[in-house]
$ cat input-v5.txt   # compact mmCIF, C-alpha atoms and all ligand atoms
# COMPACT_ATOMS: atom_id res chain seq x y z
CA MET A 114 2.81 -17.65 13.54
CA PHE A 115 -0.69 -16.13 13.71
CA THR A 116 -3.74 -17.39 15.56
CA ASN A 117 -7.35 -16.39 15.22
CA ASP A 118 -6.95 -13.88 18.07
CA THR A 119 -3.67 -12.27 16.92
CA LEU A 120 -5.56 -9.04 16.21
CA ALA A 121 -8.19 -9.34 18.97
CA GLY A 122 -9.13 -5.92 20.36
CA LYS A 123 -8.14 -4.10 17.17
CA ASN A 124 -10.75 -2.01 15.37
CA ILE A 125 -9.06 -1.50 12.02
CA LEU A 126 -10.15 0.84 9.23
CA VAL A 127 -8.73 -0.01 5.80
CA THR A 128 -9.22 2.87 3.36
CA GLY A 129 -9.87 1.69 -0.18
CA GLY A 130 -10.68 -1.72 1.32
CA GLY A 131 -13.35 -2.45 -1.27
CA SER A 132 -10.93 -3.90 -3.80
CA GLY A 133 -7.43 -5.13 -4.52
CA LEU A 134 -4.82 -5.13 -1.80
CA GLY A 135 -7.00 -3.26 0.69
CA LEU A 136 -9.62 -5.98 0.45
CA ALA A 137 -6.95 -8.68 0.80
CA MET A 138 -5.57 -7.08 3.97
CA ALA A 139 -9.06 -6.54 5.39
CA LYS A 140 -9.86 -10.23 4.88
CA THR A 141 -6.68 -11.35 6.61
CA PHE A 142 -7.22 -8.99 9.56
CA ALA A 143 -10.82 -10.16 10.02
CA THR A 144 -9.79 -13.82 9.95
CA LEU A 145 -7.17 -13.12 12.61
CA GLY A 146 -9.55 -11.51 15.09
CA ALA A 147 -9.79 -7.80 14.18
CA ARG A 148 -13.05 -5.89 13.86
CA VAL A 149 -12.70 -4.51 10.34
CA ALA A 150 -14.16 -1.45 8.64
CA ILE A 151 -13.50 -0.46 5.04
CA CYS A 152 -14.22 2.72 3.11
CA GLY A 153 -14.25 3.87 -0.48
CA ARG A 154 -16.24 6.01 -2.88
CA ARG A 155 -18.46 3.34 -4.45
CA GLU A 156 -21.08 1.72 -2.26
CA GLU A 157 -21.88 -1.31 -4.40
CA LYS A 158 -18.24 -2.38 -4.34
CA LEU A 159 -18.11 -1.94 -0.56
CA GLN A 160 -21.28 -3.98 -0.05
CA GLN A 161 -19.80 -6.88 -2.01
CA ALA A 162 -16.50 -6.56 -0.18
CA VAL A 163 -17.96 -6.75 3.34
CA ALA A 164 -19.94 -9.83 2.29
CA GLU A 165 -16.66 -11.37 1.13
CA ILE A 166 -14.77 -10.38 4.30
CA GLY A 167 -17.48 -11.67 6.67
CA HIS A 168 -16.71 -11.54 10.42
CA GLU A 169 -19.15 -8.61 10.88
CA ALA A 170 -17.04 -6.29 8.72
CA ILE A 171 -18.68 -2.95 8.06
CA TYR A 172 -18.26 -0.21 5.46
CA GLU A 173 -18.59 3.55 5.21
CA VAL A 174 -18.94 5.40 1.93
CA CYS A 175 -16.27 8.08 2.22
CA ASP A 176 -14.08 10.01 -0.16
CA VAL A 177 -10.84 10.49 1.76
CA ARG A 178 -10.15 13.72 -0.16
CA ASP A 179 -12.94 15.37 1.81
CA SER A 180 -11.67 16.09 5.34
CA GLN A 181 -15.17 16.73 6.74
CA ALA A 182 -16.41 13.44 5.33
CA VAL A 183 -13.44 11.72 6.95
CA GLU A 184 -14.25 13.30 10.34
CA ALA A 185 -17.87 12.19 9.98
CA MET A 186 -16.73 8.66 9.09
CA PHE A 187 -14.55 8.37 12.20
CA SER A 188 -17.43 9.60 14.40
CA SER A 189 -19.78 7.12 12.78
CA LEU A 190 -17.29 4.27 13.22
CA GLU A 191 -16.81 5.17 16.86
CA ALA A 192 -20.56 4.86 17.40
CA ARG A 193 -20.74 1.59 15.46
CA ILE A 194 -17.67 -0.36 16.62
CA GLY A 195 -15.91 1.81 19.23
CA THR A 196 -12.69 3.76 18.88
CA VAL A 197 -10.74 2.98 15.73
CA ASN A 198 -7.30 1.93 17.00
CA GLY A 199 -5.86 0.66 13.71
CA LEU A 200 -5.70 2.52 10.41
CA VAL A 201 -4.39 1.34 7.06
CA ASN A 202 -3.97 4.20 4.57
CA ASN A 203 -4.36 2.15 1.41
CA ALA A 204 -6.69 4.22 -0.82
CA ALA A 205 -4.80 5.50 -3.85
CA GLY A 206 -5.01 6.83 -7.36
CA ASN A 207 -2.40 6.46 -10.07
CA PHE A 208 -1.96 6.44 -13.85
CA LEU A 209 0.82 6.56 -16.44
CA ALA A 210 1.47 9.93 -18.04
CA ALA A 211 4.30 12.06 -19.35
CA SER A 212 4.78 14.65 -16.62
CA GLU A 213 4.99 17.65 -18.96
CA ASP A 214 1.46 16.85 -20.13
CA LEU A 215 -0.13 16.66 -16.68
CA SER A 216 -2.91 19.16 -16.05
CA ASP A 217 -3.40 20.77 -12.64
CA ASN A 218 -6.38 18.51 -12.07
CA ALA A 219 -4.44 15.40 -13.01
CA PHE A 220 -1.65 16.16 -10.52
CA ASN A 221 -4.14 17.16 -7.84
CA ALA A 222 -6.33 14.07 -8.39
CA VAL A 223 -3.54 11.80 -7.17
CA ILE A 224 -2.08 14.12 -4.52
CA ASP A 225 -5.54 14.68 -3.06
CA ILE A 226 -6.29 10.97 -2.68
CA VAL A 227 -2.88 9.70 -1.63
CA LEU A 228 -1.21 12.49 0.32
CA LYS A 229 -4.09 14.62 1.56
CA GLY A 230 -6.41 11.62 2.01
CA SER A 231 -3.83 9.85 4.16
CA PHE A 232 -3.32 13.02 6.18
CA HIS A 233 -7.08 13.50 6.72
CA CYS A 234 -7.48 9.93 7.97
CA THR A 235 -4.34 9.93 10.08
CA ARG A 236 -5.26 13.22 11.76
CA ALA A 237 -8.82 12.09 12.50
CA PHE A 238 -7.45 8.79 13.85
CA GLY A 239 -4.67 10.30 16.01
CA LYS A 240 -6.71 13.17 17.39
CA ARG A 241 -9.35 10.84 18.79
CA LEU A 242 -6.84 8.51 20.45
CA ILE A 243 -4.87 11.44 21.89
CA ASP A 244 -8.02 13.18 23.21
CA LYS A 245 -9.23 9.98 24.85
CA LYS A 246 -5.76 9.25 26.23
CA GLU A 247 -6.12 5.77 24.76
CA GLN A 248 -2.77 4.06 24.24
CA GLY A 249 -1.92 1.59 21.51
CA GLY A 250 -2.92 3.00 18.13
CA VAL A 251 -1.22 1.77 14.98
CA VAL A 252 -1.11 3.23 11.47
CA LEU A 253 0.11 1.39 8.39
CA ASN A 254 0.74 3.41 5.24
CA ILE A 255 0.85 1.59 1.91
CA VAL A 256 3.52 3.29 -0.18
CA THR A 257 5.55 2.02 -3.16
CA THR A 258 9.11 0.96 -3.89
CA TYR A 259 9.62 4.19 -5.85
CA THR A 260 8.95 6.28 -2.75
CA GLU A 261 12.68 6.83 -2.34
CA SER A 262 13.98 6.36 -5.89
CA GLY A 263 11.19 8.23 -7.66
CA SER A 264 9.89 6.88 -10.98
CA ALA A 265 9.32 8.22 -14.45
CA PHE A 266 5.73 8.51 -15.71
CA VAL A 267 4.03 8.31 -12.30
CA LEU A 268 5.18 11.68 -10.95
CA PRO A 269 2.05 12.58 -8.92
CA SER A 270 2.08 9.17 -7.24
CA ALA A 271 5.84 9.29 -6.57
CA CYS A 272 5.50 12.76 -4.98
CA ALA A 273 2.45 11.77 -2.96
CA LYS A 274 3.89 8.49 -1.68
CA ALA A 275 7.16 10.22 -0.71
CA GLY A 276 5.02 12.63 1.33
CA VAL A 277 3.18 9.75 2.96
CA TYR A 278 6.51 8.17 3.88
CA ALA A 279 7.62 11.51 5.42
CA MET A 280 4.35 11.52 7.39
CA THR A 281 5.14 8.02 8.64
CA THR A 282 8.55 8.92 10.03
CA SER A 283 7.54 12.38 11.28
CA LEU A 284 4.56 11.15 13.26
CA ALA A 285 6.37 8.04 14.49
CA MET A 286 8.53 10.53 16.39
CA GLU A 287 5.80 12.99 17.33
CA TRP A 288 3.13 10.51 18.45
CA ALA A 289 5.29 7.87 20.15
CA THR A 290 4.54 9.61 23.43
CA TYR A 291 0.85 8.79 22.91
CA GLY A 292 1.60 5.13 22.21
CA ILE A 293 0.80 5.49 18.53
CA ARG A 294 3.03 3.63 16.08
CA LEU A 295 3.28 4.37 12.35
CA ASN A 296 4.88 2.09 9.78
CA ALA A 297 4.76 1.65 6.04
CA ILE A 298 4.84 -1.18 3.56
CA ALA A 299 6.32 -0.72 0.09
CA PRO A 300 4.79 -3.44 -2.08
CA GLY A 301 6.37 -4.44 -5.35
CA PRO A 302 4.01 -5.68 -8.04
CA PHE A 303 0.88 -7.46 -6.78
CA PRO A 304 -1.64 -7.94 -9.59
CA THR A 305 -4.91 -6.07 -9.00
CA GLU A 306 -7.51 -4.84 -11.45
CA GLY A 307 -7.00 -1.24 -10.25
CA ALA A 308 -3.23 -1.17 -10.76
CA TRP A 309 -2.95 -3.43 -13.79
CA SER A 310 -5.64 -1.67 -15.84
CA ARG A 311 -3.88 1.65 -15.35
CA LEU A 312 -0.20 0.72 -15.23
CA LEU A 313 0.37 -2.59 -17.03
CA PRO A 314 -2.48 -2.86 -19.52
CA ASP A 315 -0.48 -4.59 -22.26
CA LYS A 316 0.57 -8.27 -22.20
CA SER A 317 3.91 -7.71 -23.94
CA ILE A 318 4.88 -4.96 -21.51
CA GLU A 319 3.82 -7.17 -18.66
CA GLU A 320 6.06 -10.00 -19.86
CA LYS A 321 9.07 -7.67 -19.97
CA TYR A 322 8.16 -6.30 -16.57
CA LEU A 323 7.99 -9.76 -15.00
CA LYS A 324 11.61 -10.38 -16.08
CA ARG A 325 12.72 -7.55 -13.77
CA ILE A 326 11.68 -9.44 -10.68
CA PRO A 327 14.45 -11.64 -9.24
CA ALA A 328 11.90 -13.92 -7.57
CA GLY A 329 10.46 -14.54 -11.05
CA ARG A 330 6.87 -13.96 -10.00
CA TYR A 331 4.43 -11.38 -8.72
CA GLY A 332 3.48 -11.05 -5.07
CA GLN A 333 0.51 -12.97 -3.73
CA HIS A 334 -2.12 -11.01 -1.89
CA GLU A 335 -1.95 -13.14 1.25
CA GLU A 336 1.80 -12.47 1.50
CA LEU A 337 1.02 -8.78 1.88
CA GLY A 338 -1.78 -9.62 4.32
CA TRP A 339 0.59 -11.50 6.59
CA LEU A 340 3.18 -8.70 6.65
CA ALA A 341 0.45 -6.14 7.30
CA THR A 342 -0.92 -8.30 10.12
CA PHE A 343 2.48 -8.44 11.79
CA LEU A 344 2.88 -4.66 11.60
CA MET A 345 -0.67 -4.05 12.89
CA SER A 346 -0.30 -6.53 15.74
CA ASP A 347 1.32 -6.21 19.14
CA MET A 348 4.01 -8.61 17.88
CA SER A 349 5.65 -5.54 16.33
CA ALA A 350 5.13 -3.24 19.33
CA TYR A 351 8.74 -1.98 19.21
CA ILE A 352 8.72 -1.18 15.48
CA THR A 353 7.78 2.35 14.45
CA GLY A 354 8.79 4.73 11.68
CA GLU A 355 9.85 1.77 9.55
CA CYS A 356 9.10 0.96 5.92
CA VAL A 357 9.21 -2.71 4.96
CA THR A 358 9.60 -3.62 1.30
CA ILE A 359 7.93 -6.75 -0.08
CA ASP A 360 8.86 -7.03 -3.74
CA GLY A 361 10.65 -10.29 -4.58
CA GLY A 362 13.87 -8.27 -4.80
CA GLU A 363 12.68 -5.93 -7.58
CA ARG A 364 14.21 -2.88 -5.89
CA LEU A 365 17.69 -4.43 -6.27
CA GLN A 366 17.64 -3.95 -10.04
CA ALA A 367 19.96 -0.95 -9.70
CA GLY A 368 23.14 -3.11 -9.63
CA GLN A 369 24.68 -2.66 -13.08
CA PHE A 370 25.04 -6.31 -14.01
CA ASN A 371 21.86 -7.46 -12.35
CA LEU A 372 20.21 -7.28 -15.76
CA PHE A 373 21.93 -10.54 -16.73
CA ALA A 374 20.22 -12.40 -13.89
CA ASN A 375 16.88 -12.92 -15.58
CA MET A 376 17.88 -12.18 -19.18
CA TYR A 377 19.20 -15.63 -20.16
CA PRO A 378 18.82 -19.14 -18.75
CA ARG A 379 21.49 -19.58 -16.09
CA GLU A 380 23.35 -22.37 -17.91
CA GLN A 381 23.63 -20.17 -21.03
CA LEU A 382 24.90 -17.31 -18.91
CA LYS A 383 27.51 -19.53 -17.25
CA ALA A 384 28.68 -20.74 -20.66
CA PHE A 385 29.09 -17.12 -21.71
CA PHE A 386 31.09 -16.31 -18.57
CA GLY A 387 33.24 -19.35 -19.35
CA MET A 388 33.87 -18.08 -22.88
CA ILE A 389 35.10 -14.69 -21.74
CA LYS A 390 37.16 -16.05 -18.80
CA GLY A 391 40.78 -15.08 -19.19
CA LYS A 392 40.07 -12.59 -21.96
CA GLY A 393 41.21 -9.68 -19.76
CA LYS A 394 44.81 -11.01 -19.37
C1 LIG A 401 -3.45 11.90 -17.78
C2 LIG A 401 -5.34 11.81 -16.47
C3 LIG A 401 -5.39 10.40 -16.59
C4 LIG A 401 -4.37 9.76 -17.37
C5 LIG A 401 -7.06 11.04 -15.38
N1 LIG A 401 -6.39 12.15 -15.72
N2 LIG A 401 -6.45 9.96 -15.89
N3 LIG A 401 -4.38 12.55 -17.06
N4 LIG A 401 -3.41 10.55 -17.95
N5 LIG A 401 -4.34 8.44 -17.53
C6 LIG A 401 -6.75 13.52 -15.40
C7 LIG A 401 -8.11 13.90 -15.97
O1 LIG A 401 -8.02 14.27 -17.34
C8 LIG A 401 -8.49 15.07 -15.06
O2 LIG A 401 -7.81 16.24 -15.45
C9 LIG A 401 -7.90 14.66 -13.72
O3 LIG A 401 -6.90 13.68 -13.99
C10 LIG A 401 -8.95 14.04 -12.81
O4 LIG A 401 -9.53 12.96 -13.52
P1 LIG A 401 -10.92 12.33 -13.05
O5 LIG A 401 -11.16 11.13 -13.86
O6 LIG A 401 -11.97 13.38 -12.96
O7 LIG A 401 -10.52 11.97 -11.53
P2 LIG A 401 -11.19 11.03 -10.48
O8 LIG A 401 -12.55 10.56 -10.93
O9 LIG A 401 -11.05 11.73 -9.20
O10 LIG A 401 -10.25 9.71 -10.53
C11 LIG A 401 -8.98 9.72 -9.93
C12 LIG A 401 -7.98 8.92 -10.77
C13 LIG A 401 -8.56 7.52 -11.13
C14 LIG A 401 -6.71 8.83 -9.95
C15 LIG A 401 -7.71 9.68 -12.08
O11 LIG A 401 -7.59 6.79 -11.87
C16 LIG A 401 -8.96 6.73 -9.93
O12 LIG A 401 -10.08 6.87 -9.42
N6 LIG A 401 -8.09 5.83 -9.40
C17 LIG A 401 -8.37 5.01 -8.21
C18 LIG A 401 -7.77 3.64 -8.25
C19 LIG A 401 -6.33 3.55 -8.72
O13 LIG A 401 -5.79 4.44 -9.36
N7 LIG A 401 -5.69 2.42 -8.40
C20 LIG A 401 -4.31 2.15 -8.80
C21 LIG A 401 -3.45 2.18 -7.62
S1 LIG A 401 -1.90 1.43 -8.01
P3 LIG A 401 -8.52 17.40 -16.35
O14 LIG A 401 -7.49 18.45 -16.45
O15 LIG A 401 -8.83 16.76 -17.66
O16 LIG A 401 -9.74 17.83 -15.59
C22 LIG A 401 -0.65 2.32 -7.26
C23 LIG A 401 0.79 1.85 -7.24
C24 LIG A 401 1.12 0.77 -8.18
O17 LIG A 401 -0.89 3.31 -6.73
C25 LIG A 401 2.56 0.40 -8.30
C26 LIG A 401 2.63 -0.82 -9.18
C27 LIG A 401 3.88 -1.55 -9.14
P1 LIG A 402 -7.09 -0.55 -6.24
O1 LIG A 402 -7.79 -1.86 -6.20
O2 LIG A 402 -7.41 0.40 -7.34
O3 LIG A 402 -7.34 0.10 -4.83
C1 LIG A 402 -7.52 1.45 -4.61
C2 LIG A 402 -8.73 1.61 -3.71
O4 LIG A 402 -8.78 2.96 -3.27
C3 LIG A 402 -10.05 1.31 -4.40
O5 LIG A 402 -10.81 0.42 -3.63
C4 LIG A 402 -10.73 2.66 -4.51
O6 LIG A 402 -12.14 2.52 -4.40
C5 LIG A 402 -10.12 3.40 -3.32
N1 LIG A 402 -10.12 4.85 -3.49
C6 LIG A 402 -9.62 5.55 -4.53
N2 LIG A 402 -9.83 6.86 -4.36
C7 LIG A 402 -10.46 6.98 -3.17
C8 LIG A 402 -10.94 8.09 -2.43
N3 LIG A 402 -10.80 9.33 -2.89
N4 LIG A 402 -11.54 7.86 -1.25
C9 LIG A 402 -11.68 6.60 -0.77
N5 LIG A 402 -11.25 5.51 -1.42
C10 LIG A 402 -10.65 5.71 -2.61
O7 LIG A 402 -5.49 -0.71 -6.28
P2 LIG A 402 -4.48 -1.65 -5.48
O8 LIG A 402 -3.52 -2.17 -6.45
O9 LIG A 402 -5.21 -2.58 -4.59
O10 LIG A 402 -3.70 -0.58 -4.58
C11 LIG A 402 -3.84 -0.54 -3.17
C12 LIG A 402 -2.67 0.19 -2.56
O11 LIG A 402 -1.46 -0.51 -2.82
C13 LIG A 402 -2.47 1.59 -3.07
O12 LIG A 402 -2.02 2.43 -2.02
C14 LIG A 402 -1.36 1.43 -4.07
O13 LIG A 402 -0.64 2.61 -4.27
C15 LIG A 402 -0.52 0.37 -3.38
N6 LIG A 402 0.37 -0.37 -4.24
C16 LIG A 402 -0.13 -1.30 -5.09
C17 LIG A 402 0.74 -2.06 -5.87
C18 LIG A 402 0.26 -3.15 -6.77
O14 LIG A 402 1.08 -3.79 -7.41
N7 LIG A 402 -1.02 -3.43 -6.84
C19 LIG A 402 2.11 -1.80 -5.78
C20 LIG A 402 2.59 -0.82 -4.94
C21 LIG A 402 1.70 -0.11 -4.15
P3 LIG A 402 -13.17 3.57 -5.05
O15 LIG A 402 -12.62 3.86 -6.42
O16 LIG A 402 -14.47 2.88 -5.02
O17 LIG A 402 -13.14 4.77 -4.17
$ encode --input "input-v5.txt" --output "C-alpha cells"
Amino acid sequence: MFTNDTLAGKNILVTGGGSGLGLAMAKTFATLGARVAICGRREEKLQQAVAEIGHEAIYEVCDVRDSQAVEAMFSSLEARIGTVNGLVNNAAGNFLAASEDLSDNAFNAVIDIVLKGSFHCTRAFGKRLIDKKEQGGVVLNIVTTYTESGSAFVLPSACAKAGVYAMTTSLAMEWATYGIRLNAIAPGPFPTEGAWSRLLPDKSIEEKYLKRIPAGRYGQHEELGWLATFLMSDMSAYITGECVTIDGGERLQAGQFNLFANMYPREQLKAFFGMIKGKGK
C-alpha cells in the first residue's frame, strides 16, 4: 500500500517523538519519505531517537506547555527544514489516581501537556500555513478510546483528551478553507515504557487487562504507524474531523454478555450454552 515516497514533501513534527508511540510513528514516516522532526523535554532521549530514526531526522528540545517555546521551535524548524506541513500531537502525561485526591498541580500537569500543549502546537502550525497561504497541512491528534466514554482513575487525561478531540472536530470545520485537515487516532493498548510504568505496572493486573481485548493481544507499534501514515498522507485527502480507533475491539466491551467472550475457552462456553438450552421453556 505504501511506497518510499508516500510521504514525500511532508515536513512532519511529532511531539513526544523521543519515545514510545511517537518514536514508532516518526520512524515509519521517515521510512516512507517524510522529513521528520521530533520534540520533547529531554535532550539525551531525543538524540538517541533521531539516531534510531535516521533519514536526516532532527530534534528540538521543547516543552509543549510553554507557548513561547513552541513558537520558537516552529520558527527554528522553518529555518532548518522549511515550513512544517504535518503535525502529530502525541506528547502526553498520564497517571492513575483517585480523582478526589488530585491536587491542583496534578490536574494541571496533565491538562497543560495534553490539552494546552496540543493547542500551542496546533496554533503555531496553523497560523504559519494560513499566513503563508500554503495549502495542504495535516494534523493528527493522538487521543484515547476513553475520549468519549470517560474513564475512572485517569480523570485529567480523560478531560484533556476529550478537549483535544473537540479541537480536532472544531478546527476541521474552521480550517478546511485553508486546506488544513485534522484527524485523530484513538489507540487501544500498545505497550510502551511510558504508559505501562504508570498505568499497568503490575503483572497480575496486566493479565486481567489482556483478557478484555477481543483480539487477544496488544497492538503492535507498526500497526499504529501505518494508520498514522495513511491519515498524514494525501491518500486520505478527503478525510477530516475523523477519529479512527485502533484497539483490537477493546471499546466493544460495553455489550453486557461480551464478558463471556474471553472468560472461558470457547468449547467450554459452548458446552455451557448447550446445558442451559431449553431451560427457559
Ligand atoms: C497523583 C501525581 C502523580 C500520581 C504526579 N502527580 N504523579 N499525583 N498520582 N501518580 C502530581 C505531583 O504530586 C504534582 O502535584 C503534580 O502531579 C506534578 O508532578 P510533577 O512530577 O512535578 O510533574 P511533571 O514533572 O511535569 O511530570 C508530568 C507527569 C509525568 C504527567 C506527572 O508523569 C510525566 O512526565 N509524564 C510523561 C509521560 C507519560 O505520562 N506517558 C504516559 C502516556 S500514556 P503536587 O501537588 O504534589 O505539586 C497515555 C494513555 C494511555 O496517555 C492509555 C493506555 C491504554
Ligand atoms: P510515552 O513514551 O511516555 O510518550 C510520551 C512522550 O511525550 C515522551 O516522549 C515525553 O518525553 C513527551 N512529553 C511529555 N511531556 C512533554 C512536554 N511537556 N513537552 C514535550 N514532550 C513531552 O507514552 P506513549 O505510550 O508512547 O504515548 C504516546 C501517545 O499515545 C500519548 O498521546 C498517549 O496518550 C497515547 N496513547 C498511548 C496508549 C498506549 O497504550 N501506549 C494508548 C492510548 C493513547 P519527555 O518526557 O522527554 O518530554
$ closest_atom_pairs --input "input-v5.txt" --of "chain A" --to "ligand LIG 401 (chain A)" --cutoff "8 Å" --atoms "only C-alpha atoms and all ligand atoms" --output "JSON lines"
{"residue": "A:Ala204", "atom": "CA", "partner": "A:LIG401", "partner_atom": "C18", "distance": 7.5}
{"residue": "A:Ala205", "atom": "CA", "partner": "A:LIG401", "partner_atom": "C21", "distance": 5.2}
{"residue": "A:Gly206", "atom": "CA", "partner": "A:LIG401", "partner_atom": "O13", "distance": 3.2}
{"residue": "A:Asn207", "atom": "CA", "partner": "A:LIG401", "partner_atom": "O13", "distance": 4.0}
{"residue": "A:Phe208", "atom": "CA", "partner": "A:LIG401", "partner_atom": "N5", "distance": 4.8}
{"residue": "A:Leu209", "atom": "CA", "partner": "A:LIG401", "partner_atom": "N5", "distance": 5.6}
{"residue": "A:Ala210", "atom": "CA", "partner": "A:LIG401", "partner_atom": "N4", "distance": 4.9}
{"residue": "A:Ala211", "atom": "CA", "partner": "A:LIG401", "partner_atom": "C1", "distance": 7.9}
{"residue": "A:Asp214", "atom": "CA", "partner": "A:LIG401", "partner_atom": "C1", "distance": 7.4}
{"residue": "A:Leu215", "atom": "CA", "partner": "A:LIG401", "partner_atom": "C1", "distance": 5.9}
{"residue": "A:Ser216", "atom": "CA", "partner": "A:LIG401", "partner_atom": "O14", "distance": 4.7}
{"residue": "A:Asp217", "atom": "CA", "partner": "A:LIG401", "partner_atom": "O14", "distance": 6.1}
{"residue": "A:Asn218", "atom": "CA", "partner": "A:LIG401", "partner_atom": "O2", "distance": 4.3}
{"residue": "A:Ala219", "atom": "CA", "partner": "A:LIG401", "partner_atom": "O3", "distance": 3.2}
{"residue": "A:Phe220", "atom": "CA", "partner": "A:LIG401", "partner_atom": "O3", "distance": 6.8}
{"residue": "A:Asn221", "atom": "CA", "partner": "A:LIG401", "partner_atom": "C9", "distance": 7.4}
{"residue": "A:Ala222", "atom": "CA", "partner": "A:LIG401", "partner_atom": "C10", "distance": 5.1}
{"residue": "A:Val223", "atom": "CA", "partner": "A:LIG401", "partner_atom": "C14", "distance": 5.2}
{"residue": "A:Ile226", "atom": "CA", "partner": "A:LIG401", "partner_atom": "C14", "distance": 7.6}
{"residue": "A:Val256", "atom": "CA", "partner": "A:LIG401", "partner_atom": "C23", "distance": 7.7}
{"residue": "A:Thr257", "atom": "CA", "partner": "A:LIG401", "partner_atom": "C25", "distance": 6.2}
{"residue": "A:Thr258", "atom": "CA", "partner": "A:LIG401", "partner_atom": "C27", "distance": 7.8}
{"residue": "A:Ser270", "atom": "CA", "partner": "A:LIG401", "partner_atom": "O17", "distance": 6.6}
{"residue": "A:Pro300", "atom": "CA", "partner": "A:LIG401", "partner_atom": "C27", "distance": 7.4}
{"residue": "A:Gly301", "atom": "CA", "partner": "A:LIG401", "partner_atom": "C27", "distance": 5.4}
{"residue": "A:Pro302", "atom": "CA", "partner": "A:LIG401", "partner_atom": "C27", "distance": 4.3}
{"residue": "A:Phe303", "atom": "CA", "partner": "A:LIG401", "partner_atom": "C27", "distance": 7.0}
{"residue": "A:Gly307", "atom": "CA", "partner": "A:LIG401", "partner_atom": "N7", "distance": 4.3}
{"residue": "A:Ala308", "atom": "CA", "partner": "A:LIG401", "partner_atom": "C20", "distance": 4.0}
{"residue": "A:Trp309", "atom": "CA", "partner": "A:LIG401", "partner_atom": "C20", "distance": 7.6}
{"residue": "A:Arg311", "atom": "CA", "partner": "A:LIG401", "partner_atom": "C20", "distance": 6.6}
{"residue": "A:Leu312", "atom": "CA", "partner": "A:LIG401", "partner_atom": "C26", "distance": 6.9}
$ atom_distance --input "input-v5.txt" --atom1 "atom C4 of ligand LIG 402 (chain A)" --atom2 "CA of Glu355 in chain A"
24.9 Å
$ residues_around --input "input-v5.txt" --residues "Glu287 in chain A" --least-positions-apart "5" --cutoff "12 Å" --atoms "all atoms listed in the file" --output "NGL selection string"
:A and (239 or 243 or 280-282 or 292-295 or 353-354)
$ residues_around --input "input-v5.txt" --residues "Tyr291 in chain A" --least-positions-apart "5" --cutoff "9 Å" --atoms "all atoms listed in the file" --output "PyMOL selection string"
chain A and resi 239+242-243+246-250
$ write_last_selection --input "input-v5.txt" --atoms "C-alpha atoms" --output "PDB file, in the coordinates of the input"
ATOM      1  CA  GLY A 239      -4.670  10.300  16.010  1.00  0.00           C
ATOM      2  CA  LEU A 242      -6.840   8.510  20.450  1.00  0.00           C
ATOM      3  CA  ILE A 243      -4.870  11.440  21.890  1.00  0.00           C
ATOM      4  CA  LYS A 246      -5.760   9.250  26.230  1.00  0.00           C
ATOM      5  CA  GLU A 247      -6.120   5.770  24.760  1.00  0.00           C
ATOM      6  CA  GLN A 248      -2.770   4.060  24.240  1.00  0.00           C
ATOM      7  CA  GLY A 249      -1.920   1.590  21.510  1.00  0.00           C
ATOM      8  CA  GLY A 250      -2.920   3.000  18.130  1.00  0.00           C
TER       9      GLY A 250
END
$ residues_around --input "input-v5.txt" --residues "Asp176 in chain A" --least-positions-apart "4" --cutoff "10 Å" --atoms "all atoms listed in the file" --output "list in words"
Thr128, Gly129, Cys152, Gly153, Arg154, Arg155, Ser180, Gln181, Ala182, Val183, Met186, Ala204, Ile226 and Gly230 of chain A
$ atom_distance --input "input-v5.txt" --atom1 "CA of Tyr377 in chain A" --atom2 "CA of Arg330 in chain A"
16.1 Å
$ atom_distance --input "input-v5.txt" --atom1 "CA of Cys356 in chain A" --atom2 "CA of Gly263 in chain A"
15.5 Å
$ closest_residue --input "input-v5.txt" --among "A:Phe238, A:Phe370, A:Tyr351, A:Phe385" --to "Asn202 in chain A" --atoms "all atoms listed in the file"
A:Phe238
$ closest_residue --input "input-v5.txt" --among "A:Ile194, A:Leu323, A:Ile255, A:Val127" --to "Leu337 in chain A" --atoms "all atoms listed in the file"
A:Ile255
$ axis_aligned_box --input "input-v5.txt" --around "range 285-304 of chain A" --padding-each-side "5 Å" --output "JSON"
{"center_x": 3.4, "center_y": 2.5, "center_z": 6.9, "size_x": 20.2, "size_y": 30.9, "size_z": 43.0}
$ closest_residue --input "input-v5.txt" --among "A:Ser231, A:Leu313, A:Phe187, A:Ile298" --to "Leu340 in chain A" --atoms "only C-alpha atoms"
A:Ile298
$ closest_residue --input "input-v5.txt" --among "A:Asn296, A:Thr119, A:Thr305, A:Thr290" --to "Phe142 in chain A" --atoms "all atoms listed in the file"
A:Thr119
$ closest_residue --input "input-v5.txt" --among "A:Lys140, A:Lys274, A:Lys321, A:Arg236" --to "Gly338 in chain A" --atoms "all atoms listed in the file"
A:Lys140
$ residues_around --input "input-v5.txt" --residues "Gly361 in chain A" --least-positions-apart "5" --cutoff "8 Å" --atoms "all atoms listed in the file" --output "MDAnalysis selection string"
chainID A and resid 301 326:332
$ closest_residue --input "input-v5.txt" --among "A:Thr358, A:Gly122, A:Ile352, A:Ala150" --to "Met138 in chain A" --atoms "only C-alpha atoms"
A:Ala150
$ build_atoms --input "input-v5.txt" --residues "range 137-141 of chain A" --atoms "N, CA, C and O atoms" --output "compact mmCIF listing (two decimals), in the coordinates of the input"
# COMPACT_ATOMS: atom_id res chain seq x y z
N ALA A 137 -7.74 -7.51 0.36
CA ALA A 137 -6.95 -8.68 0.80
C ALA A 137 -6.50 -8.50 2.25
O ALA A 137 -6.61 -9.44 3.07
N MET A 138 -6.02 -7.31 2.59
CA MET A 138 -5.57 -7.08 3.97
C MET A 138 -6.75 -7.15 4.94
O MET A 138 -6.66 -7.74 6.02
N ALA A 139 -7.87 -6.54 4.52
CA ALA A 139 -9.06 -6.54 5.39
C ALA A 139 -9.49 -7.97 5.70
O ALA A 139 -9.83 -8.30 6.84
N LYS A 140 -9.45 -8.82 4.68
CA LYS A 140 -9.86 -10.23 4.88
C LYS A 140 -8.94 -10.91 5.88
O LYS A 140 -9.39 -11.62 6.77
N THR A 141 -7.64 -10.71 5.70
CA THR A 141 -6.68 -11.35 6.61
C THR A 141 -6.89 -10.86 8.04
O THR A 141 -6.93 -11.66 8.99
